[in-house]
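Peer 1: Here you go, model03.cif (mmCIF, C-alpha atoms):
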data_start
#
loop_
_atom_site.label_atom_id
_atom_site.label_comp_id
_atom_site.auth_asym_id
_atom_site.auth_seq_id
_atom_site.Cartn_x
_atom_site.Cartn_y
_atom_site.Cartn_z
CA SER A 30 160.57 95.82 116.38
CA GLU A 31 164.26 96.43 116.78
CA GLU A 32 163.79 97.44 120.39
CA ASP A 33 162.25 94.11 121.29
CA MET A 34 165.52 92.33 120.77
CA TYR A 35 166.70 93.72 124.06
CA ARG A 36 163.74 93.04 126.25
CA ASP A 37 162.36 89.77 127.54
CA ALA A 38 158.89 88.46 126.74
CA GLU A 39 157.49 89.30 130.15
CA GLU A 40 158.43 92.94 129.89
CA ILE A 41 157.15 93.28 126.37
CA GLU A 42 153.83 91.88 127.53
CA ARG A 43 153.76 94.21 130.52
CA GLU A 44 154.32 97.17 128.32
CA ARG A 45 151.76 96.06 125.78
CA VAL A 46 149.15 95.94 128.51
CA LEU A 47 150.29 99.28 129.84
CA LEU A 48 150.27 101.03 126.51
CA CYS A 49 147.30 99.39 124.89
CA GLY A 50 145.08 99.06 127.89
CA THR A 51 142.42 96.45 128.17
CA SER A 52 139.47 98.34 126.73
CA SER A 53 138.82 100.90 124.06
CA SER A 54 141.53 102.92 122.43
CA GLU A 55 140.30 105.97 124.30
CA TYR A 56 142.30 105.03 127.35
CA LYS A 57 145.70 104.15 125.98
CA LEU A 58 148.47 105.39 128.19
CA SER A 59 150.82 107.44 126.07
CA ILE A 60 153.47 108.04 128.67
CA ALA A 61 154.44 105.11 130.85
CA PRO A 62 154.87 105.49 134.61
CA GLU A 63 158.32 106.46 135.73
CA MET A 64 161.06 104.05 136.56
CA ASP A 65 164.59 104.45 137.79
CA ILE A 66 166.88 105.41 134.92
CA MET A 67 169.67 103.00 135.69
CA GLU A 68 167.26 100.16 136.23
CA TYR A 69 165.70 100.94 132.86
CA CYS A 70 169.11 101.11 131.26
CA ARG A 71 170.21 97.79 132.70
CA LYS A 72 167.17 96.08 131.24
CA GLU A 73 167.49 97.66 127.83
CA TRP A 74 171.21 97.35 127.35
CA ARG A 75 172.71 94.14 128.52
CA GLY A 76 175.93 92.81 127.14
CA ASN A 77 179.20 94.42 126.33
CA THR A 78 178.99 95.58 122.76
CA PRO A 79 180.46 99.03 122.15
CA VAL A 80 176.94 100.31 121.56
CA ALA A 81 175.66 98.91 124.86
CA LYS A 82 178.55 100.45 126.74
CA ARG A 83 178.00 103.82 125.12
CA MET A 84 174.29 103.72 125.93
CA ARG A 85 174.96 102.84 129.57
CA LYS A 86 177.42 105.69 129.92
CA GLY A 87 174.91 107.99 128.31
CA TYR A 88 172.17 106.97 130.73
CA GLU A 89 174.54 107.40 133.65
CA ALA A 90 175.12 110.95 132.57
CA VAL A 91 171.38 111.58 132.43
CA ALA A 92 171.01 109.96 135.86
CA GLN A 93 173.25 112.62 137.36
CA LYS A 94 170.55 115.14 136.73
CA PHE A 95 167.32 113.11 136.59
CA ALA A 96 166.12 110.26 138.76
CA SER A 97 163.57 108.61 136.53
CA ILE A 98 162.60 107.94 132.94
CA ARG A 99 159.16 107.64 131.39
CA ARG A 100 158.78 105.72 128.16
CA VAL A 101 156.87 107.56 125.50
CA ARG A 102 154.53 105.74 123.14
CA GLY A 103 156.54 105.09 120.03
CA ASP A 104 154.38 106.11 117.12
CA ASN A 105 155.58 108.80 114.74
CA TYR A 106 154.20 111.50 117.00
CA CYS A 107 156.63 110.75 119.82
CA ALA A 108 158.68 113.93 119.45
CA PHE A 109 155.49 116.00 119.81
CA ARG A 110 154.27 113.82 122.62
CA ALA A 111 157.49 114.04 124.62
CA THR A 112 157.96 117.78 124.09
CA LEU A 113 154.38 118.75 124.82
CA PHE A 114 154.18 116.54 127.89
CA GLN A 115 157.33 118.07 129.34
CA ALA A 116 156.15 121.58 128.53
CA LEU A 117 152.75 121.10 130.14
CA SER A 118 154.19 119.33 133.20
CA GLN A 119 156.02 122.47 134.16
CA ALA A 120 153.67 125.09 132.69
CA THR A 121 152.82 127.94 135.01
CA GLN A 122 151.51 130.37 132.43
CA LEU A 123 150.30 130.60 128.86
CA PRO A 124 153.09 131.37 126.38
CA SER A 125 152.69 134.79 124.79
CA TRP A 126 151.85 133.39 121.37
CA LEU A 127 148.93 131.49 122.91
CA GLN A 128 147.65 134.67 124.51
CA SER A 129 147.34 136.65 121.31
CA GLU A 130 143.80 137.67 120.34
CA ASP A 131 143.90 136.34 116.78
CA PHE A 132 145.56 133.06 117.67
CA THR A 133 142.50 131.09 116.62
CA MET A 134 142.16 133.07 113.38
CA LEU A 135 145.44 131.61 112.18
CA PRO A 136 144.08 128.85 109.92
CA GLU A 137 141.56 131.16 108.30
CA ASN A 138 144.15 133.90 107.74
CA LEU A 139 146.78 131.60 106.32
CA LEU A 140 144.35 129.70 104.09
CA SER A 141 143.15 132.96 102.60
CA LYS A 142 146.73 133.93 101.72
CA TYR A 143 148.10 130.55 100.70
CA ASP A 144 145.76 128.42 98.66
CA TRP A 145 148.05 125.39 98.82
CA ILE A 146 147.29 124.94 102.51
CA LYS A 147 144.05 123.29 101.47
CA LYS A 148 146.23 120.23 100.81
CA TRP A 149 147.01 120.00 104.52
CA GLN A 150 146.77 116.38 105.64
CA LEU A 151 144.60 116.09 108.71
CA LYS A 152 144.99 113.12 111.00
CA GLN A 153 141.83 111.46 109.79
CA LYS A 154 143.15 111.11 106.25
CA LEU A 155 139.73 111.74 104.74
CA SER A 156 139.58 114.29 101.97
CA ARG A 157 138.32 117.57 103.32
CA ASN A 158 137.26 120.80 101.76
CA MET A 159 138.91 124.06 102.67
CA GLY A 160 136.26 125.15 105.13
CA GLU A 161 136.49 121.93 107.04
CA ILE A 162 140.27 122.11 107.26
CA SER A 163 140.06 125.60 108.65
CA ASP A 164 137.45 124.66 111.23
CA GLU A 165 139.21 121.46 112.16
CA ILE A 166 142.54 123.18 112.79
CA LYS A 167 140.85 126.04 114.60
CA ASP A 168 139.29 123.52 116.98
CA CYS A 169 142.72 121.99 117.57
CA LEU A 170 144.21 125.39 118.37
CA ILE A 171 141.37 126.20 120.73
CA LEU A 172 141.87 122.88 122.48
CA LEU A 173 145.60 123.53 122.84
CA ARG A 174 144.98 126.89 124.43
CA LYS A 175 142.28 125.51 126.71
CA LYS A 176 144.42 122.62 127.95
CA TRP A 177 147.51 124.75 128.38
CA LYS A 178 145.54 127.35 130.32
CA ASN A 179 143.86 124.79 132.58
CA ILE A 180 147.04 122.93 133.37
CA SER A 181 149.14 126.02 133.93
CA GLU A 182 146.59 127.28 136.44
CA ILE A 183 146.93 124.19 138.64
CA LYS A 184 149.14 125.13 141.55
CA GLY A 185 149.95 121.81 143.21
CA PRO A 186 152.64 119.80 141.38
CA ILE A 187 150.92 116.46 142.03
CA GLU A 188 147.60 117.68 140.66
CA LYS A 189 149.36 119.25 137.69
CA GLN A 190 151.09 115.97 136.91
CA GLU A 191 147.79 114.09 137.25
CA ALA A 192 146.14 116.46 134.81
CA CYS A 193 148.95 115.87 132.31
CA ASP A 194 148.70 112.12 132.73
CA LYS A 195 144.97 112.34 132.16
CA LEU A 196 145.34 114.41 129.01
CA PHE A 197 147.82 111.97 127.57
CA LYS A 198 145.46 109.08 128.07
CA ASN A 199 142.80 110.48 125.84
CA GLU A 200 143.79 109.61 122.34
CA GLU A 201 141.41 111.91 120.52
CA GLU A 202 142.36 115.06 122.40
CA GLU A 203 146.02 114.18 122.37
CA TYR A 204 146.19 113.89 118.59
CA SER A 205 144.30 117.13 118.13
CA LEU A 206 147.05 118.84 120.09
CA TYR A 207 149.69 117.39 117.77
CA GLU A 208 147.72 118.68 114.81
CA ALA A 209 147.87 122.13 116.42
CA LEU A 210 151.63 121.87 116.92
CA LYS A 211 152.11 120.86 113.30
CA PHE A 212 150.13 123.83 112.09
CA LEU A 213 152.08 126.18 114.32
CA MET A 214 155.26 124.81 112.79
CA LEU A 215 153.89 125.60 109.34
CA ASN A 216 153.03 129.12 110.48
CA THR A 217 156.53 129.65 111.85
CA ALA A 218 158.09 128.24 108.68
CA ILE A 219 156.07 130.68 106.57
CA GLU A 220 157.19 133.57 108.76
CA LEU A 221 160.84 132.57 108.54
CA TYR A 222 160.63 132.02 104.80
CA ASN A 223 159.06 135.42 104.23
CA ASP A 224 161.48 137.14 106.59
CA ASP A 225 164.37 135.68 104.67
CA LYS A 226 162.86 136.74 101.34
CA ASN A 227 162.40 140.25 102.66
CA GLY A 228 166.01 140.51 103.74
CA ARG A 229 165.39 140.16 107.46
CA ARG A 230 167.67 138.09 109.64
CA VAL A 231 166.63 134.50 110.20
CA PRO A 232 168.20 131.79 112.38
CA VAL A 233 170.63 129.44 110.63
CA PHE A 234 168.40 126.39 110.88
CA SER A 235 165.92 128.20 108.64
CA TRP A 236 168.41 128.05 105.77
CA LEU A 237 168.97 124.35 106.43
CA LEU A 238 165.22 123.76 106.56
CA PHE A 239 164.67 125.28 103.14
CA ALA A 240 167.93 124.03 101.65
CA ARG A 241 166.54 120.53 101.43
CA ASP A 242 165.47 119.45 97.95
CA THR A 243 162.19 118.31 99.40
CA SER A 244 161.35 121.58 101.12
CA ARG A 245 162.52 124.56 99.11
CA ASN A 246 159.55 126.53 100.37
CA PRO A 247 156.74 126.20 102.92
CA CYS A 248 154.43 124.53 100.41
CA GLN A 249 156.93 121.75 99.76
CA LEU A 250 157.66 121.55 103.49
CA MET A 251 153.98 120.85 104.06
CA HIS A 252 153.60 118.33 101.24
CA ASN A 253 156.79 116.37 101.78
CA HIS A 254 157.36 116.65 105.51
CA LEU A 255 154.67 118.08 107.76
CA ASN A 256 151.89 116.08 106.10
CA HIS A 257 153.79 112.88 106.81
CA ILE A 258 154.56 113.49 110.46
CA GLY A 259 152.60 111.06 112.57
CA HIS A 260 151.88 108.85 109.58
CA SER A 261 154.95 107.64 107.77
CA GLY A 262 157.61 109.58 109.60
CA GLY A 263 158.63 111.60 112.61
CA LEU A 264 160.49 114.88 112.97
CA GLU A 265 163.88 115.27 111.41
CA GLN A 266 166.42 117.19 113.41
CA VAL A 267 166.02 120.43 111.52
CA GLU A 268 162.31 120.16 112.24
CA MET A 269 163.05 119.91 115.97
CA PHE A 270 164.46 123.42 115.60
CA LEU A 271 161.25 124.49 113.91
CA LEU A 272 159.15 122.99 116.71
CA ALA A 273 161.24 124.75 119.35
CA TYR A 274 160.83 128.05 117.53
CA ALA A 275 157.11 127.58 117.09
CA LEU A 276 156.64 126.94 120.81
CA GLN A 277 159.33 129.41 121.91
CA TYR A 278 160.79 126.69 124.05
CA THR A 279 164.32 125.37 124.22
CA ILE A 280 164.31 121.61 123.72
CA GLN A 281 167.32 120.05 125.37
CA VAL A 282 168.01 116.52 124.18
CA TYR A 283 170.35 113.90 125.58
CA ARG A 284 171.35 112.08 122.39
CA LEU A 285 172.83 108.90 123.79
CA TYR A 286 174.42 107.57 120.62
CA LYS A 287 176.45 110.78 120.58
CA TYR A 288 177.92 110.14 124.03
CA SER A 289 181.48 111.48 124.33
CA THR A 290 180.99 113.90 121.45
CA ASP A 291 180.00 117.52 121.80
CA GLU A 292 176.57 116.66 120.41
CA PHE A 293 175.72 114.47 123.41
CA ILE A 294 173.52 117.21 124.79
CA THR A 295 172.01 119.15 121.93
CA LEU A 296 169.90 122.24 122.34
CA TYR A 297 167.19 123.11 119.87
CA PRO A 298 167.74 125.98 119.13
CA ASN A 299 171.45 125.76 119.86
CA ASP A 300 171.66 129.43 120.68
CA PRO A 301 168.69 129.65 122.98
CA GLU A 302 166.83 132.77 123.96
CA GLU A 303 167.21 133.32 127.68
CA ASP A 304 163.57 133.61 128.53
CA TRP A 305 162.48 130.49 126.65
CA PRO A 306 161.64 127.69 129.10
CA VAL A 307 163.69 124.49 128.78
CA VAL A 308 162.27 120.99 128.40
CA THR A 309 164.48 117.91 128.37
CA LEU A 310 164.15 114.75 126.29
CA ILE A 311 166.22 111.58 125.86
CA THR A 312 166.86 109.81 122.59
CA GLU A 313 169.07 106.83 121.85
CA ASP A 314 168.97 107.35 118.09
CA ASP A 315 167.25 110.64 117.12
CA ARG A 316 164.21 108.56 116.13
CA HIS A 317 162.44 107.75 119.35
CA TYR A 318 162.17 110.10 122.31
CA ASN A 319 161.59 109.32 125.97
CA ILE A 320 161.42 111.77 128.83
CA PRO A 321 163.58 112.12 131.94
CA VAL A 322 161.75 113.25 135.05
CA ARG A 323 162.55 114.27 138.58
CA MET A 324 165.44 116.53 137.98
CA CYS A 325 167.70 116.18 140.93
CA GLN A 326 171.09 117.27 141.99
CA GLU A 327 173.08 114.84 144.06
CA THR A 328 175.94 116.16 146.19
CA MET A 329 178.74 114.24 147.84
CA LEU A 330 179.36 115.28 151.43
CA GLY B 25 183.80 114.48 154.56
CA LEU B 26 180.77 112.77 155.93
CA GLY B 27 180.79 110.04 153.31
CA PHE B 28 177.28 110.19 151.94
CA ASN B 29 175.38 111.88 149.10
CA ILE B 30 172.24 113.92 149.46
CA VAL B 31 169.41 114.82 147.13
CA GLY B 32 166.52 117.16 147.70
CA GLY B 33 165.70 120.80 148.15
CA THR B 34 162.97 123.24 147.28
CA ASP B 35 164.50 123.98 143.89
CA GLN B 36 164.53 120.41 142.68
CA GLN B 37 161.74 119.55 140.27
CA TYR B 38 160.11 116.86 142.27
CA ILE B 39 156.65 115.75 141.42
CA SER B 40 155.79 115.27 145.06
CA ASN B 41 155.45 118.18 147.45
CA ASP B 42 158.34 116.92 149.51
CA SER B 43 161.43 119.07 149.30
CA SER B 44 163.22 117.30 152.15
CA ILE B 45 166.83 116.23 152.07
CA TYR B 46 167.45 112.52 151.59
CA VAL B 47 170.50 110.30 151.76
CA SER B 48 170.92 108.89 148.28
CA ARG B 49 174.16 107.00 148.66
CA ILE B 50 176.61 106.02 151.36
CA LYS B 51 180.23 105.91 150.37
CA LYS B 52 182.02 102.72 151.20
CA ASP B 53 184.50 103.14 154.06
CA GLY B 54 183.43 106.73 154.62
CA ALA B 55 182.52 108.13 158.05
CA ALA B 56 178.82 107.30 157.74
CA TYR B 57 179.54 103.81 156.42
CA LEU B 58 181.93 103.01 159.25
CA ASP B 59 179.45 104.28 161.81
CA GLY B 60 176.94 101.94 160.24
CA ARG B 61 173.64 103.45 161.25
CA LEU B 62 172.77 105.86 158.45
CA GLN B 63 170.97 104.24 155.51
CA GLU B 64 170.23 105.21 151.97
CA GLY B 65 166.73 106.60 151.75
CA ASP B 66 166.87 108.19 155.20
CA LYS B 67 165.39 111.64 155.37
CA ILE B 68 167.58 114.15 157.23
CA LEU B 69 165.47 116.28 159.51
CA SER B 70 168.15 118.33 161.20
CA VAL B 71 171.89 118.92 161.33
CA ASN B 72 173.41 119.94 164.68
CA GLY B 73 169.95 120.93 165.84
CA ARG B 74 169.21 123.06 162.81
CA ALA B 75 166.10 121.87 161.00
CA LEU B 76 166.44 121.19 157.28
CA LYS B 77 163.21 122.69 156.17
CA ASP B 78 162.39 124.57 152.99
CA LEU B 79 166.01 124.84 151.89
CA ARG B 80 167.37 124.97 148.39
CA HIS B 81 169.71 122.13 147.55
CA LYS B 82 172.84 124.26 147.68
CA ASP B 83 171.82 125.84 151.00
CA ALA B 84 171.42 122.40 152.53
CA VAL B 85 174.85 121.48 151.20
CA GLU B 86 176.28 124.63 152.86
CA LEU B 87 174.83 123.60 156.19
CA PHE B 88 176.56 120.25 156.02
CA ARG B 89 179.84 121.72 154.90
CA ASN B 90 179.78 124.12 157.86
CA ALA B 91 178.79 121.45 160.35
CA GLY B 92 182.27 121.05 161.83
CA CYS B 93 183.96 117.92 163.03
CA ASP B 94 181.19 116.58 165.23
CA VAL B 95 177.99 116.19 163.32
CA THR B 96 174.64 115.35 164.86
CA LEU B 97 171.92 114.24 162.46
CA LYS B 98 168.29 113.67 163.22
CA ILE B 99 166.95 111.34 160.59
CA GLN B 100 163.70 109.72 159.69
CA ARG B 101 164.17 106.11 158.76
CA ARG B 102 162.55 104.38 155.84
CA LEU B 103 161.89 100.70 156.35
CA GLN B 104 163.28 98.49 153.66
CA PRO B 105 161.83 95.17 152.54
CA GLN B 106 164.04 92.14 153.04
CA ASN B 107 164.66 91.56 149.37
CA GLY B 108 164.28 95.07 148.16
CA PRO B 109 165.50 96.38 144.84
CA VAL B 110 169.21 96.74 144.56
CA GLY B 111 170.43 99.35 142.21
CA HIS B 112 173.53 101.25 141.51
CA ARG B 113 174.21 104.44 139.77
CA GLY B 114 177.10 104.00 137.53
CA ASP B 115 180.41 103.92 139.29
CA GLY B 116 180.60 100.17 139.57
CA GLU B 117 179.79 99.98 143.25
CA SER B 118 176.85 97.73 143.94
CA GLY B 119 174.24 98.17 146.62
CA GLY B 120 172.14 101.13 147.50
CA LEU B 121 168.67 102.14 146.48
CA PRO B 122 167.85 103.26 142.98
CA LEU B 123 167.45 107.01 143.05
CA ALA B 124 163.80 106.79 142.11
CA ALA B 125 163.09 104.63 145.16
CA VAL B 126 164.40 107.43 147.34
CA LEU B 127 162.32 110.09 145.66
CA VAL B 128 159.16 108.66 144.21
CA PRO B 129 156.23 108.24 146.60
CA GLY B 130 154.71 105.54 144.43
CA LEU B 131 157.87 103.52 144.33
CA ALA B 132 158.74 104.29 147.92
CA LEU B 133 159.34 101.71 150.50
CA ALA B 134 157.24 102.04 153.62
CA ALA B 135 158.27 105.03 155.66
CA ALA B 136 158.63 104.45 159.35
CA ALA B 137 158.23 107.19 161.89
CA VAL B 138 161.49 106.29 163.53
CA TRP B 139 163.76 109.09 164.50
CA ILE B 140 167.38 108.34 165.07
CA LEU B 141 169.98 110.65 166.43
CA LEU B 142 173.37 110.03 164.91
CA ARG B 143 176.48 111.69 166.03
CA TYR B 144 179.81 111.03 164.57
CA ARG B 145 183.07 112.55 163.77
CA GLN B 146 183.60 113.43 160.21
CA ARG B 147 186.91 113.29 158.44
CA MET B 148 188.14 116.74 157.57
#
As a first step, turn the structure in this file into structure tokens.

Peer 2:
Amino acid sequence: SEEDMYRDAEEIERERVLLCGTSSSEYKLSIAPEMDIMEYCRKEWRGNTPVAKRMRKGYEAVAQKFASIRRVRGDNYCAFRATLFQALSQATQLPSWLQSEDFTMLPENLLSKYDWIKKWQLKQKLSRNMGEISDEIKDCLILLRKKWKNISEIKGPIEKQEACDKLFKNEEEEYSLYEALKFLMLNTAIELYNDDKNGRRVPVFSWLLFARDTSRNPCQLMHNHLNHIGHSGGLEQVEMFLLAYALQYTIQVYRLYKYSTDEFITLYPNDPEEDWPVVTLITEDDRHYNIPVRMCQETML
Amino acid sequence: GLGFNIVGGTDQQYISNDSSIYVSRIKKDGAAYLDGRLQEGDKILSVNGRALKDLRHKDAVELFRNAGCDVTLKIQRRLQPQNGPVGHRGDGESGGLPLAAVLVPGLALAAAAVWILLRYRQRM
């Protein structure tokens, strides 16, 4: 991969062992242990090309606020992985949308209104009938609520972190959660689309989302975008907005290739609601996301 | 000033339960550097007899800023391995611990229960 150009053989091997484990796929570690940000940066970006210099400056800026970085497994789910991990790491309560009574009725309700949802692409890629899709997604939503509730109820930060690490080592559960997030994005997209059609105010990104030739409406969004996430592609930027809206979280991203522009730190949504919690991610290129941890202020005395 | 940086506080999102104040960097040729005894990674237990316990970051900073000319620090020393990791955080100066080594229990160097009383005159 392109990334491997910048790392030596020993480190690639170390990471392979870390991320693939030695036994069954059930125990792959999705989020690597933390390491010092500047140490990470020095290994990744040697040399003095303009790109390398920009990246180092970018990482320095992150290091003013965060001590460590954790590499996120780089499949096409990494935006979900990074965002969800950060959200759960700091979760102290269930978000309101997870508390609603008919949360788990969502797939059934939407499928009954929108027949095209039966073309939803589940992770397994086997052809499913409508009933199975509904049940499958319902199970994913139930799992999301259960995990979020359990983790948010853990008081001690160490135990909370351990629970997150454990969840993100279990491939099957992990991918079910991403399925849930995808479906919630579809639900939010449908709401926004309908609101707009009915003359209600919608955020600007909603226009951008549906202005694309490939997603003029939620059905196209599903076929051409959501169905591909995790398989042949990741989240485009406008879809990061959609994810943030679906979770009612503000996703703050250090976009390192944009260092020294006003897009260096981008907020999804860029006009955040005050009571939405903030999670922070790092990306060098808007394709792969890692997570900064241990937020820390450093003061000169 | 005193010539060192601190991290820590109850409001900092540490994974560990420790909200103590740590020395994260010592400025070259500053008061602490010239005195020579304070080290990066040291935990500061008290300032002029006032314990640094359960303080927010900015409240700890206040305490230092109001410490006056003569500053007495009680610190807990971390032992460092002979050939420990050398890191720097960006401004071109070498030396010093990577920030994570100061903060992360797993990456931490062995902590020694050595208390040192430092008293020196800070530059105002």

Peer 1: Considering all atoms listed in the file, return as a PDB file with C-alpha atoms, in the frame of the given file whatever protein or nucleic-acid residues lie within 10 Å of Ser43 in chain B, sequence-local ones (same chain, fewer than 5 positions apart) excluded.

Peer 2:
ATOM      1  CA  VAL B  31     169.410 114.820 147.130  1.00  0.00           C
ATOM      2  CA  GLY B  32     166.520 117.160 147.700  1.00  0.00           C
ATOM      3  CA  GLY B  33     165.700 120.800 148.150  1.00  0.00           C
ATOM      4  CA  THR B  34     162.970 123.240 147.280  1.00  0.00           C
ATOM      5  CA  ASP B  35     164.500 123.980 143.890  1.00  0.00           C
ATOM      6  CA  GLN B  36     164.530 120.410 142.680  1.00  0.00           C
ATOM      7  CA  GLN B  37     161.740 119.550 140.270  1.00  0.00           C
ATOM      8  CA  TYR B  38     160.110 116.860 142.270  1.00  0.00           C
ATOM      9  CA  LEU B  76     166.440 121.190 157.280  1.00  0.00           C
ATOM     10  CA  LYS B  77     163.210 122.690 156.170  1.00  0.00           C
ATOM     11  CA  ASP B  78     162.390 124.570 152.990  1.00  0.00           C
ATOM     12  CA  LEU B  79     166.010 124.840 151.890  1.00  0.00           C
ATOM     13  CA  ARG B  80     167.370 124.970 148.390  1.00  0.00           C
ATOM     14  CA  HIS B  81     169.710 122.130 147.550  1.00  0.00           C
ATOM     15  CA  LEU B 127     162.320 110.090 145.660  1.00  0.00           C
TER      16      LEU B 127
END

Peer 1: For the contact check between chain A and chain B, emit one row per residue of chain A within 8 Å, containing the shortest atom pair and the distance in Å rounded to one decimal, counting only C-alpha atoms, chain then rising number order, as JSON lines.

Peer 2:
{"residue": "A:Met64", "atom": "CA", "partner": "B:Ala124", "partner_atom": "CA", "distance": 6.8}
{"residue": "A:Asp65", "atom": "CA", "partner": "B:Ala124", "partner_atom": "CA", "distance": 5.0}
{"residue": "A:Ile66", "atom": "CA", "partner": "B:Ala124", "partner_atom": "CA", "distance": 7.9}
{"residue": "A:Met67", "atom": "CA", "partner": "B:Arg113", "partner_atom": "CA", "distance": 6.3}
{"residue": "A:Glu68", "atom": "CA", "partner": "B:Gly111", "partner_atom": "CA", "distance": 6.8}
{"residue": "A:Lys86", "atom": "CA", "partner": "B:Gly114", "partner_atom": "CA", "distance": 7.8}
{"residue": "A:Glu89", "atom": "CA", "partner": "B:Gly114", "partner_atom": "CA", "distance": 5.8}
{"residue": "A:Ala92", "atom": "CA", "partner": "B:Arg113", "partner_atom": "CA", "distance": 7.5}
{"residue": "A:Ala96", "atom": "CA", "partner": "B:Ala124", "partner_atom": "CA", "distance": 5.4}
{"residue": "A:Ser97", "atom": "CA", "partner": "B:Ala124", "partner_atom": "CA", "distance": 5.9}
{"residue": "A:Gly185", "atom": "CA", "partner": "B:Asn41", "partner_atom": "CA", "distance": 7.8}
{"residue": "A:Pro186", "atom": "CA", "partner": "B:Ile39", "partner_atom": "CA", "distance": 5.7}
{"residue": "A:Ile187", "atom": "CA", "partner": "B:Ile39", "partner_atom": "CA", "distance": 5.8}
{"residue": "A:Gln190", "atom": "CA", "partner": "B:Ile39", "partner_atom": "CA", "distance": 7.2}
{"residue": "A:Arg323", "atom": "CA", "partner": "B:Tyr38", "partner_atom": "CA", "distance": 5.1}
{"residue": "A:Met324", "atom": "CA", "partner": "B:Gln37", "partner_atom": "CA", "distance": 5.3}
{"residue": "A:Cys325", "atom": "CA", "partner": "B:Gln36", "partner_atom": "CA", "distance": 5.6}
{"residue": "A:Gln326", "atom": "CA", "partner": "B:Val31", "partner_atom": "CA", "distance": 5.9}
{"residue": "A:Glu327", "atom": "CA", "partner": "B:Val31", "partner_atom": "CA", "distance": 4.8}
{"residue": "A:Thr328", "atom": "CA", "partner": "B:Asn29", "partner_atom": "CA", "distance": 5.2}
{"residue": "A:Met329", "atom": "CA", "partner": "B:Asn29", "partner_atom": "CA", "distance": 4.3}
{"residue": "A:Leu330", "atom": "CA", "partner": "B:Leu26", "partner_atom": "CA", "distance": 5.3}

Peer 1: Which one of A:Ile180, A:Cys193, A:Arg284, A:Asn138 sits closest to Asn216 in chain A if you count only C-alpha atoms?

Peer 2: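 Distance minimum relative to Asn216 in chain A lands on A:Asn138.
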
Peer 1: Return as a list of chain:residue names the set of residues that the PyMOL selection byres ((chain B and resi 73) around 10) yields on the displayed structure.

Peer 2: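 With the PyMOL selection byres ((chain B and resi 73) around 10) on this model, the match is B:Leu69, B:Ser70, B:Val71, B:Asn72, B:Arg74, B:Ala75, B:Leu76, B:Val95, B:Thr96, B:Leu97, B:Lys98.
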
Peer 1: Go ahead and dump the residues you just picked, C-alpha atoms, as a PDB file, in the coordinates of the input.

Peer 2:
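In the end it all went to out-v1.pdb:
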ATOM      1  CA  LEU B  69     165.470 116.280 159.510  1.00  0.00           C
ATOM      2  CA  SER B  70     168.150 118.330 161.200  1.00  0.00           C
ATOM      3  CA  VAL B  71     171.890 118.920 161.330  1.00  0.00           C
ATOM      4  CA  ASN B  72     173.410 119.940 164.680  1.00  0.00           C
ATOM      5  CA  ARG B  74     169.210 123.060 162.810  1.00  0.00           C
ATOM      6  CA  ALA B  75     166.100 121.870 161.000  1.00  0.00           C
ATOM      7  CA  LEU B  76     166.440 121.190 157.280  1.00  0.00           C
ATOM      8  CA  VAL B  95     177.990 116.190 163.320  1.00  0.00           C
ATOM      9  CA  THR B  96     174.640 115.350 164.860  1.00  0.00           C
ATOM     10  CA  LEU B  97     171.920 114.240 162.460  1.00  0.00           C
ATOM     11  CA  LYS B  98     168.290 113.670 163.220  1.00  0.00           C
TER      12      LYS B  98
END

Peer 1: Taking the file as shown, what set of residues would the PyMOL selection byres ((chain A and resi 286) around 12) give back, as a PyMOL selection string?

Peer 2: chain A and resi 79-88+282-285+287-295+311-316

Peer 1: Quick one: pull the distance between CA of Glu165 in chain A and CA of Leu271 in chain A, Å, one decimal.

Peer 2: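 It comes out at 22.3 Å.
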
Peer 1: Can you list, as a count of residues only, the residues that the PyMOL selection byres ((chain A and resi 306) around 9) selects here?

Peer 2: 11

Peer 1: To one decimal in Å, tell me the separation between CA of Thr217 in chain A and CA of Tyr274 in chain A.

Peer 2: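 Rounded to one decimal, the two atoms are 7.3 Å apart.
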
Peer 1: Return the single residue from A:Leu127, A:Ala120, A:Leu213, A:Ile320 that is closest to Ser181 in chain A, with distances computed using all atoms listed in the file.

Peer 2: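 So, comparing all the options, the nearest one is A:Ala120.
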
Peer 1: Near Phe239 in chain A, counting all atoms listed in the file, which residues have an atom at most 10 Å away, once you skip same-chain residues fewer than 4 positions from it, shown as a PyMOL selection string?

Peer 2: chain A and resi 218+221-222+234-235+243-247+249-250+267

Peer 1: Do you have the CA of Glu63 in chain A-CA of Ala209 in chain A distance handy?

Peer 2: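 Separation of CA of Glu63 in chain A and CA of Ala209 in chain A: 27.0 Å.
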
Peer 1: Edge lengths and centre in Å to one decimal, as lines of an AutoDock Vina configuration file, is what I'm after for the box along x, y and z that holds all listed atoms of range 93-100 of chain B once 6 Å is added on each side.

Peer 2:
center_x = 173.8
center_y = 113.8
center_z = 162.5
size_x = 32.3
size_y = 20.2
size_z = 17.5

Peer 1: Using all atoms listed in the file, which protein or nucleic acid residues come within 10 Å of Phe109 in chain A? Drop anything in the same chain fewer than 5 positions from it, and give the result as a ChimeraX atom specification.

Peer 2: /A:114-115,203-204,206-208,210-211,258-259,263-264,269,272,318
